[in-house]
$ cat query_1.cif   # mmCIF, C-alpha atoms
data_query
loop_
_atom_site.label_atom_id
_atom_site.label_comp_id
_atom_site.auth_asym_id
_atom_site.auth_seq_id
_atom_site.Cartn_x
_atom_site.Cartn_y
_atom_site.Cartn_z
CA ALA A 1096 0.00 0.00 0.00
CA GLN A 1097 1.15 3.51 -0.66
CA LYS A 1098 1.91 5.90 2.15
CA VAL A 1099 3.20 9.45 2.47
CA THR A 1100 4.74 10.78 5.66
CA GLN A 1101 5.29 14.42 6.47
CA ALA A 1102 6.88 14.27 9.88
CA GLN A 1103 6.94 18.02 10.42
CA THR A 1104 3.52 19.05 11.63
CA GLU A 1105 4.33 22.73 12.07
CA ILE A 1106 7.30 24.91 11.18
CA SER A 1107 7.84 28.58 12.01
CA VAL A 1108 10.53 30.68 10.40
CA VAL A 1109 11.32 34.35 10.20
CA GLU A 1110 10.97 36.06 6.86
CA LYS A 1111 13.96 35.62 4.51
CA GLU A 1112 15.04 32.37 6.13
CA ASP A 1113 15.27 29.24 4.02
CA VAL A 1114 13.02 26.35 5.01
CA THR A 1115 12.84 22.71 3.92
CA LEU A 1116 9.70 20.62 4.15
CA ASP A 1117 10.28 16.89 4.31
CA CYS A 1118 8.33 14.19 2.53
CA VAL A 1119 8.98 10.45 2.70
CA TYR A 1120 6.92 8.00 0.72
CA GLU A 1121 6.34 4.27 0.48
CA THR A 1122 5.29 2.40 -2.62
CA ARG A 1123 5.78 -1.00 -4.21
CA ASP A 1124 5.44 0.40 -7.71
CA THR A 1125 8.41 1.25 -9.85
CA THR A 1126 6.38 3.86 -11.71
CA TYR A 1127 4.69 6.55 -9.70
CA TYR A 1128 4.19 10.30 -9.47
CA LEU A 1129 4.92 12.67 -6.63
CA PHE A 1130 3.25 16.01 -6.05
CA TRP A 1131 3.36 19.05 -3.81
CA TYR A 1132 0.31 21.19 -3.15
CA LYS A 1133 -0.04 24.41 -1.17
CA GLN A 1134 -3.17 25.16 0.85
CA PRO A 1135 -3.41 28.81 1.96
CA PRO A 1136 -5.98 29.86 4.57
CA SER A 1137 -8.57 30.32 1.81
CA GLY A 1138 -8.71 26.53 1.54
CA GLU A 1139 -7.96 25.87 -2.12
CA LEU A 1140 -5.23 23.33 -2.83
CA VAL A 1141 -2.81 24.90 -5.27
CA PHE A 1142 -0.76 22.56 -7.44
CA LEU A 1143 2.99 23.26 -7.24
CA ILE A 1144 4.85 20.41 -8.91
CA ARG A 1145 4.58 16.89 -10.30
CA ARG A 1146 7.51 14.51 -10.75
CA ASN A 1147 7.58 11.02 -12.17
CA SER A 1148 9.65 8.28 -10.62
CA PHE A 1149 12.05 8.09 -13.54
CA ASP A 1150 13.06 11.70 -13.34
CA GLU A 1151 15.33 12.32 -10.37
CA GLN A 1152 16.56 15.63 -11.59
CA ASN A 1153 16.10 18.34 -9.02
CA GLU A 1154 13.91 21.22 -10.03
CA ILE A 1155 14.00 24.90 -9.26
CA SER A 1156 11.20 27.37 -9.86
CA GLY A 1157 11.95 30.81 -8.54
CA ARG A 1158 12.32 30.56 -4.77
CA TYR A 1159 11.05 26.97 -4.77
CA SER A 1160 13.20 23.90 -5.27
CA TRP A 1161 12.58 20.19 -4.96
CA ASN A 1162 15.01 17.41 -4.14
CA PHE A 1163 13.88 13.95 -5.26
CA GLN A 1164 15.96 11.02 -3.98
CA LYS A 1165 14.72 7.53 -4.78
CA SER A 1166 17.44 5.96 -2.63
CA THR A 1167 15.84 7.44 0.47
CA SER A 1168 12.27 7.62 -0.89
CA SER A 1169 12.17 11.32 -0.24
CA PHE A 1170 10.84 14.31 -2.12
CA ASN A 1171 11.76 17.38 -0.11
CA PHE A 1172 10.67 20.93 -0.83
CA THR A 1173 12.78 23.99 -0.06
CA ILE A 1174 11.63 27.59 -0.02
CA THR A 1175 14.49 30.06 -0.26
CA ALA A 1176 14.19 33.52 1.28
CA SER A 1177 10.75 32.79 2.68
CA GLN A 1178 8.02 35.41 2.63
CA VAL A 1179 4.92 35.93 4.74
CA VAL A 1180 2.78 34.93 1.74
CA ASP A 1181 4.37 31.49 1.86
CA SER A 1182 2.46 30.79 5.08
CA ALA A 1183 0.20 27.85 4.31
CA VAL A 1184 -0.22 24.13 4.76
CA TYR A 1185 1.88 22.17 2.31
CA PHE A 1186 0.92 18.67 1.23
CA CYS A 1187 3.02 16.01 -0.41
CA ALA A 1188 1.14 13.36 -2.39
CA LEU A 1189 1.81 10.12 -4.25
CA SER A 1190 0.03 8.47 -7.15
CA GLU A 1191 0.80 4.93 -8.26
CA VAL A 1192 0.46 4.00 -11.92
CA SER A 1193 -0.73 0.49 -11.08
CA SER A 1194 -3.76 1.65 -9.11
CA GLY A 1195 -5.80 1.53 -12.26
CA SER A 1196 -8.01 3.81 -14.26
CA ALA A 1197 -9.23 5.68 -11.20
CA ARG A 1198 -5.76 6.49 -10.02
CA GLN A 1199 -5.84 7.92 -6.57
CA LEU A 1200 -3.69 10.48 -4.81
CA THR A 1201 -2.47 9.55 -1.36
CA PHE A 1202 -1.73 12.66 0.66
CA GLY A 1203 0.54 13.20 3.61
CA SER A 1204 -0.88 14.86 6.68
CA GLY A 1205 0.56 18.23 5.71
CA THR A 1206 3.05 20.69 7.20
CA GLN A 1207 1.80 24.01 8.50
CA LEU A 1208 4.39 26.64 7.59
CA THR A 1209 4.23 29.99 9.31
CA VAL A 1210 6.53 32.75 8.11
CA LEU A 1211 6.82 35.57 10.61
CA PRO A 1212 7.58 39.13 9.52
CA GLU B 1029 -14.83 31.63 -14.63
CA THR B 1030 -11.62 29.68 -14.75
CA GLY B 1031 -10.33 26.57 -13.03
CA VAL B 1032 -12.54 24.69 -10.62
CA THR B 1033 -15.38 26.45 -8.84
CA GLN B 1034 -17.46 25.26 -5.92
CA THR B 1035 -20.70 26.52 -4.45
CA PRO B 1036 -21.61 27.30 -1.81
CA ARG B 1037 -18.37 28.25 -0.10
CA HIS B 1038 -19.94 27.88 3.33
CA LEU B 1039 -22.92 25.80 4.43
CA VAL B 1040 -24.54 25.29 7.80
CA MET B 1041 -27.18 22.61 8.02
CA GLY B 1042 -29.13 20.66 10.56
CA MET B 1043 -29.02 16.90 10.76
CA THR B 1044 -32.42 16.52 9.12
CA ASN B 1045 -31.75 18.82 6.18
CA LYS B 1046 -31.04 17.87 2.59
CA LYS B 1047 -28.57 19.96 0.67
CA SER B 1048 -26.28 19.67 -2.32
CA LEU B 1049 -22.76 20.83 -3.04
CA LYS B 1050 -21.91 21.84 -6.57
CA CYS B 1051 -18.63 21.74 -8.44
CA GLU B 1052 -17.88 22.94 -11.95
CA GLN B 1053 -14.63 22.68 -13.86
CA HIS B 1054 -13.64 24.90 -16.76
CA LEU B 1055 -10.42 23.07 -17.67
CA GLY B 1056 -11.72 20.63 -20.27
CA HIS B 1057 -11.00 17.71 -17.98
CA ASN B 1058 -12.89 14.43 -18.00
CA ALA B 1059 -12.47 13.18 -14.45
CA MET B 1060 -13.81 14.73 -11.26
CA TYR B 1061 -13.28 13.95 -7.59
CA TRP B 1062 -14.75 14.65 -4.16
CA TYR B 1063 -12.44 14.82 -1.16
CA LYS B 1064 -13.18 15.34 2.52
CA GLN B 1065 -10.73 17.26 4.70
CA SER B 1066 -11.36 17.04 8.42
CA ALA B 1067 -9.31 18.70 11.09
CA LYS B 1068 -6.24 16.70 12.03
CA LYS B 1069 -6.85 14.09 9.30
CA PRO B 1070 -5.32 13.51 5.88
CA LEU B 1071 -7.37 14.32 2.83
CA GLU B 1072 -9.78 11.49 2.16
CA LEU B 1073 -10.92 10.60 -1.34
CA MET B 1074 -14.68 10.03 -1.38
CA PHE B 1075 -15.64 9.56 -5.03
CA VAL B 1076 -14.12 9.61 -8.49
CA TYR B 1077 -15.94 9.98 -11.78
CA SER B 1078 -13.85 9.22 -14.84
CA LEU B 1079 -15.67 9.10 -18.17
CA GLU B 1080 -18.44 6.58 -17.50
CA GLU B 1081 -16.83 5.01 -14.44
CA ARG B 1082 -17.57 5.85 -10.84
CA VAL B 1083 -15.24 4.72 -8.09
CA GLU B 1084 -16.03 5.22 -4.47
CA ASN B 1085 -14.30 4.79 -1.17
CA ASN B 1086 -16.22 2.00 0.54
CA SER B 1087 -15.94 3.73 3.87
CA VAL B 1088 -18.06 6.68 2.75
CA PRO B 1089 -21.52 6.54 4.39
CA SER B 1090 -24.60 6.34 2.19
CA ARG B 1091 -25.79 9.72 3.44
CA PHE B 1092 -23.35 11.13 0.85
CA SER B 1093 -24.54 10.64 -2.71
CA PRO B 1094 -22.58 11.91 -5.72
CA GLU B 1095 -23.96 12.82 -9.12
CA CYS B 1096 -22.00 13.63 -12.26
CA PRO B 1097 -24.36 14.63 -15.08
CA ASN B 1098 -21.51 15.49 -17.46
CA SER B 1099 -17.75 15.90 -17.43
CA SER B 1100 -17.93 19.51 -16.26
CA HIS B 1101 -20.32 19.24 -13.33
CA LEU B 1102 -20.25 17.27 -10.12
CA PHE B 1103 -22.66 17.29 -7.21
CA LEU B 1104 -22.58 15.88 -3.72
CA HIS B 1105 -26.03 15.35 -2.28
CA LEU B 1106 -26.21 15.38 1.50
CA HIS B 1107 -28.98 14.03 3.72
CA THR B 1108 -29.33 13.24 7.41
CA LEU B 1109 -25.74 14.18 8.13
CA GLN B 1110 -24.02 13.87 11.47
CA PRO B 1111 -21.95 16.48 13.31
CA GLU B 1112 -18.80 14.49 12.51
CA ASP B 1113 -19.44 15.18 8.84
CA SER B 1114 -18.48 18.80 9.42
CA ALA B 1115 -15.41 19.36 7.25
CA LEU B 1116 -14.03 21.07 4.18
CA TYR B 1117 -15.26 19.32 1.04
CA LEU B 1118 -12.94 19.75 -1.90
CA CYS B 1119 -13.66 19.06 -5.53
CA ALA B 1120 -10.92 18.35 -8.05
CA SER B 1121 -10.68 17.60 -11.74
CA SER B 1122 -8.08 16.08 -14.04
CA GLN B 1123 -7.61 14.45 -17.37
CA VAL B 1124 -8.46 10.77 -17.39
CA PRO B 1125 -6.60 9.07 -14.53
CA GLY B 1126 -3.81 6.84 -15.67
CA THR B 1127 -2.43 9.28 -18.20
CA SER B 1128 0.72 11.30 -17.90
CA THR B 1129 -1.30 14.51 -17.64
CA ASP B 1130 -3.72 13.55 -14.88
CA THR B 1131 -2.62 16.14 -12.34
CA GLN B 1132 -5.58 17.03 -10.16
CA TYR B 1133 -6.61 20.67 -9.83
CA PHE B 1134 -8.71 21.65 -6.87
CA GLY B 1135 -11.51 24.05 -6.17
CA PRO B 1136 -11.69 26.35 -3.14
CA GLY B 1137 -13.84 23.95 -1.15
CA THR B 1138 -17.14 24.12 0.70
CA ARG B 1139 -16.86 24.54 4.47
CA LEU B 1140 -19.70 22.44 5.86
CA THR B 1141 -20.94 22.67 9.44
CA VAL B 1142 -23.55 20.20 10.66
CA LEU B 1143 -25.42 21.25 13.78
#
$ encode --input "query_1.cif" --output "structure tokens"
Amino acid sequence: AQKVTQAQTEISVVEKEDVTLDCVYETRDTTYYLFWYKQPPSGELVFLIRRNSFDEQNEISGRYSWNFQKSTSSFNFTITASQVVDSAVYFCALSEVSSGSARQLTFGSGTQLTVLP
Amino acid sequence: ETGVTQTPRHLVMGMTNKKSLKCEQHLGHNAMYWYKQSAKKPLELMFVYSLEERVENNSVPSRFSPECPNSSHLFLHLHTLQPEDSALYLCASSQVPGTSTDTQYFGPGTRLTVL
């Protein structure tokens, strides 16, 4: 069965600090997808990134970067020079290719990030 | 309107009421989902509609009844709910699951309170 663990329940940083959100996953599939979503106080889940299991290249998008390591089953997310607007709950999620036509997302429990001014 | 919209954004209902949540997607997708997000719990998938197929989480009580009249609209009919059903209900849409472009995009949610 697939599982996603976000061990950090809450993180607080001061503006301009860098912060890394951890995500560890479990799957028996060799082909799968990993995602990060952001949920601001308004409630909507905002899609940030999708990676497939064959692409271990790290990705950078502005102040955001992602480190995918299959050897440790981790897909960590770093925000550089954090801003108050980054305050939100961040979810990591996993989707297995073998789960069939109604492929499901398994979410972690989320990390509440608070960036203080 | 763009993306995924949900109405109402907030709903308060008694345990004997019947109400419906509505979701509409403007992304040209052909799969739609209902999720439940309770405090202190991971997001829980309730139902998936993909083309003609409906998949449901067997743990969802029968007091929740989905309806998907077409690929752009999704409803969740609620009746005789319990206080523990109070949660944020999120709708999402994607291309057909199982494809390389089936990233799910979410609506803003309906905050439901059952008294």
$ residues_around --input "query_1.cif" --residues "Leu1049 of chain B" --least-positions-apart "4" --cutoff "10 Å" --atoms "all atoms listed in the file" --output "PyMOL selection string"
chain B and resi 1034-1039+1094+1102-1106+1117-1119+1137-1138+1140
$ interface_residues --input "query_1.cif" --of "chain B" --to "chain A" --cutoff "12 Å" --atoms "all atoms listed in the file" --output "PyMOL selection string"
chain B and resi 1031-1034+1037-1038+1058-1085+1115-1139
$ atom_distance --input "query_1.cif" --atom1 "atom CA of Lys1111 of chain A" --atom2 "atom CA of Leu1189 of chain A"
29.6 Å
$ residues_near_point --input "query_1.cif" --point "(17.2, 4.2, -3.0)" --cutoff "12 Å" --atoms "all atoms listed in the file" --output "list in words"
Val1119, Tyr1120, Glu1121, Thr1125, Ser1148, Glu1151, Phe1163, Gln1164, Lys1165, Ser1166, Thr1167, Ser1168, Ser1169 and Phe1170 of chain A
$ resolve_selection --input "query_1.cif" --expression "the PyMOL selection byres ((chain A and resi 1171) around 6)" --output "JSON, numbers by chain"
{"A": [1116, 1117, 1118, 1161, 1162, 1170, 1172]}
$ residues_around --input "query_1.cif" --residues "His1107 of chain B" --least-positions-apart "3" --cutoff "8 Å" --atoms "all atoms listed in the file" --output "list in words"
Met1043, Thr1044, Asn1045, Lys1046, Lys1047, Arg1091 and Phe1092 of chain B
$ residues_near_point --input "query_1.cif" --point "(15.0, 30.7, 5.5)" --cutoff "10 Å" --atoms "all atoms listed in the file" --output "PyMOL selection string"
chain A and resi 1107-1115+1173-1178+1210
$ atom_distance --input "query_1.cif" --atom1 "atom CA of Ala1183 of chain A" --atom2 "atom CA of Thr1209 of chain A"
6.8 Å
$ atom_distance --input "query_1.cif" --atom1 "atom CA of Ser1048 of chain B" --atom2 "atom CA of Thr1141 of chain B"
13.3 Å
$ axis_aligned_box --input "query_1.cif" --around "segment 1132-1142 of chain A" --padding-each-side "3 Å" --output "AutoDock Vina command-line options"
--center_x -4.2 --center_y 25.8 --center_z -1.4 --size_x 15.0 --size_y 15.1 --size_z 18.0
$ decode --input "query_1.cif" --residues "segment 1064-1113 of chain B" --atoms "C-alpha atoms" --output "JSON list (two decimals), in the first residue's frame"
[["chain", "number", "residue", "atom", "x", "y", "z"],
["B", 1064, "LYS", "CA", -13.18, 15.34, 2.52],
["B", 1065, "GLN", "CA", -10.73, 17.26, 4.70],
["B", 1066, "SER", "CA", -11.36, 17.04, 8.42],
["B", 1067, "ALA", "CA", -9.31, 18.70, 11.09],
["B", 1068, "LYS", "CA", -6.24, 16.70, 12.03],
["B", 1069, "LYS", "CA", -6.85, 14.09, 9.30],
["B", 1070, "PRO", "CA", -5.32, 13.51, 5.88],
["B", 1071, "LEU", "CA", -7.37, 14.32, 2.83],
["B", 1072, "GLU", "CA", -9.78, 11.49, 2.16],
["B", 1073, "LEU", "CA", -10.92, 10.60, -1.34],
["B", 1074, "MET", "CA", -14.68, 10.03, -1.38],
["B", 1075, "PHE", "CA", -15.64, 9.56, -5.03],
["B", 1076, "VAL", "CA", -14.12, 9.61, -8.49],
["B", 1077, "TYR", "CA", -15.94, 9.98, -11.78],
["B", 1078, "SER", "CA", -13.85, 9.22, -14.84],
["B", 1079, "LEU", "CA", -15.67, 9.10, -18.17],
["B", 1080, "GLU", "CA", -18.44, 6.58, -17.50],
["B", 1081, "GLU", "CA", -16.83, 5.01, -14.44],
["B", 1082, "ARG", "CA", -17.57, 5.85, -10.84],
["B", 1083, "VAL", "CA", -15.24, 4.72, -8.09],
["B", 1084, "GLU", "CA", -16.03, 5.22, -4.47],
["B", 1085, "ASN", "CA", -14.30, 4.79, -1.17],
["B", 1086, "ASN", "CA", -16.22, 2.00, 0.54],
["B", 1087, "SER", "CA", -15.94, 3.73, 3.87],
["B", 1088, "VAL", "CA", -18.06, 6.68, 2.75],
["B", 1089, "PRO", "CA", -21.52, 6.54, 4.39],
["B", 1090, "SER", "CA", -24.60, 6.34, 2.19],
["B", 1091, "ARG", "CA", -25.79, 9.72, 3.44],
["B", 1092, "PHE", "CA", -23.35, 11.13, 0.85],
["B", 1093, "SER", "CA", -24.54, 10.64, -2.71],
["B", 1094, "PRO", "CA", -22.58, 11.91, -5.72],
["B", 1095, "GLU", "CA", -23.96, 12.82, -9.12],
["B", 1096, "CYS", "CA", -22.00, 13.63, -12.26],
["B", 1097, "PRO", "CA", -24.36, 14.63, -15.08],
["B", 1098, "ASN", "CA", -21.51, 15.49, -17.46],
["B", 1099, "SER", "CA", -17.75, 15.90, -17.43],
["B", 1100, "SER", "CA", -17.93, 19.51, -16.26],
["B", 1101, "HIS", "CA", -20.32, 19.24, -13.33],
["B", 1102, "LEU", "CA", -20.25, 17.27, -10.12],
["B", 1103, "PHE", "CA", -22.66, 17.29, -7.21],
["B", 1104, "LEU", "CA", -22.58, 15.88, -3.72],
["B", 1105, "HIS", "CA", -26.03, 15.35, -2.28],
["B", 1106, "LEU", "CA", -26.21, 15.38, 1.50],
["B", 1107, "HIS", "CA", -28.98, 14.03, 3.72],
["B", 1108, "THR", "CA", -29.33, 13.24, 7.41],
["B", 1109, "LEU", "CA", -25.74, 14.18, 8.13],
["B", 1110, "GLN", "CA", -24.02, 13.87, 11.47],
["B", 1111, "PRO", "CA", -21.95, 16.48, 13.31],
["B", 1112, "GLU", "CA", -18.80, 14.49, 12.51],
["B", 1113, "ASP", "CA", -19.44, 15.18, 8.84]]
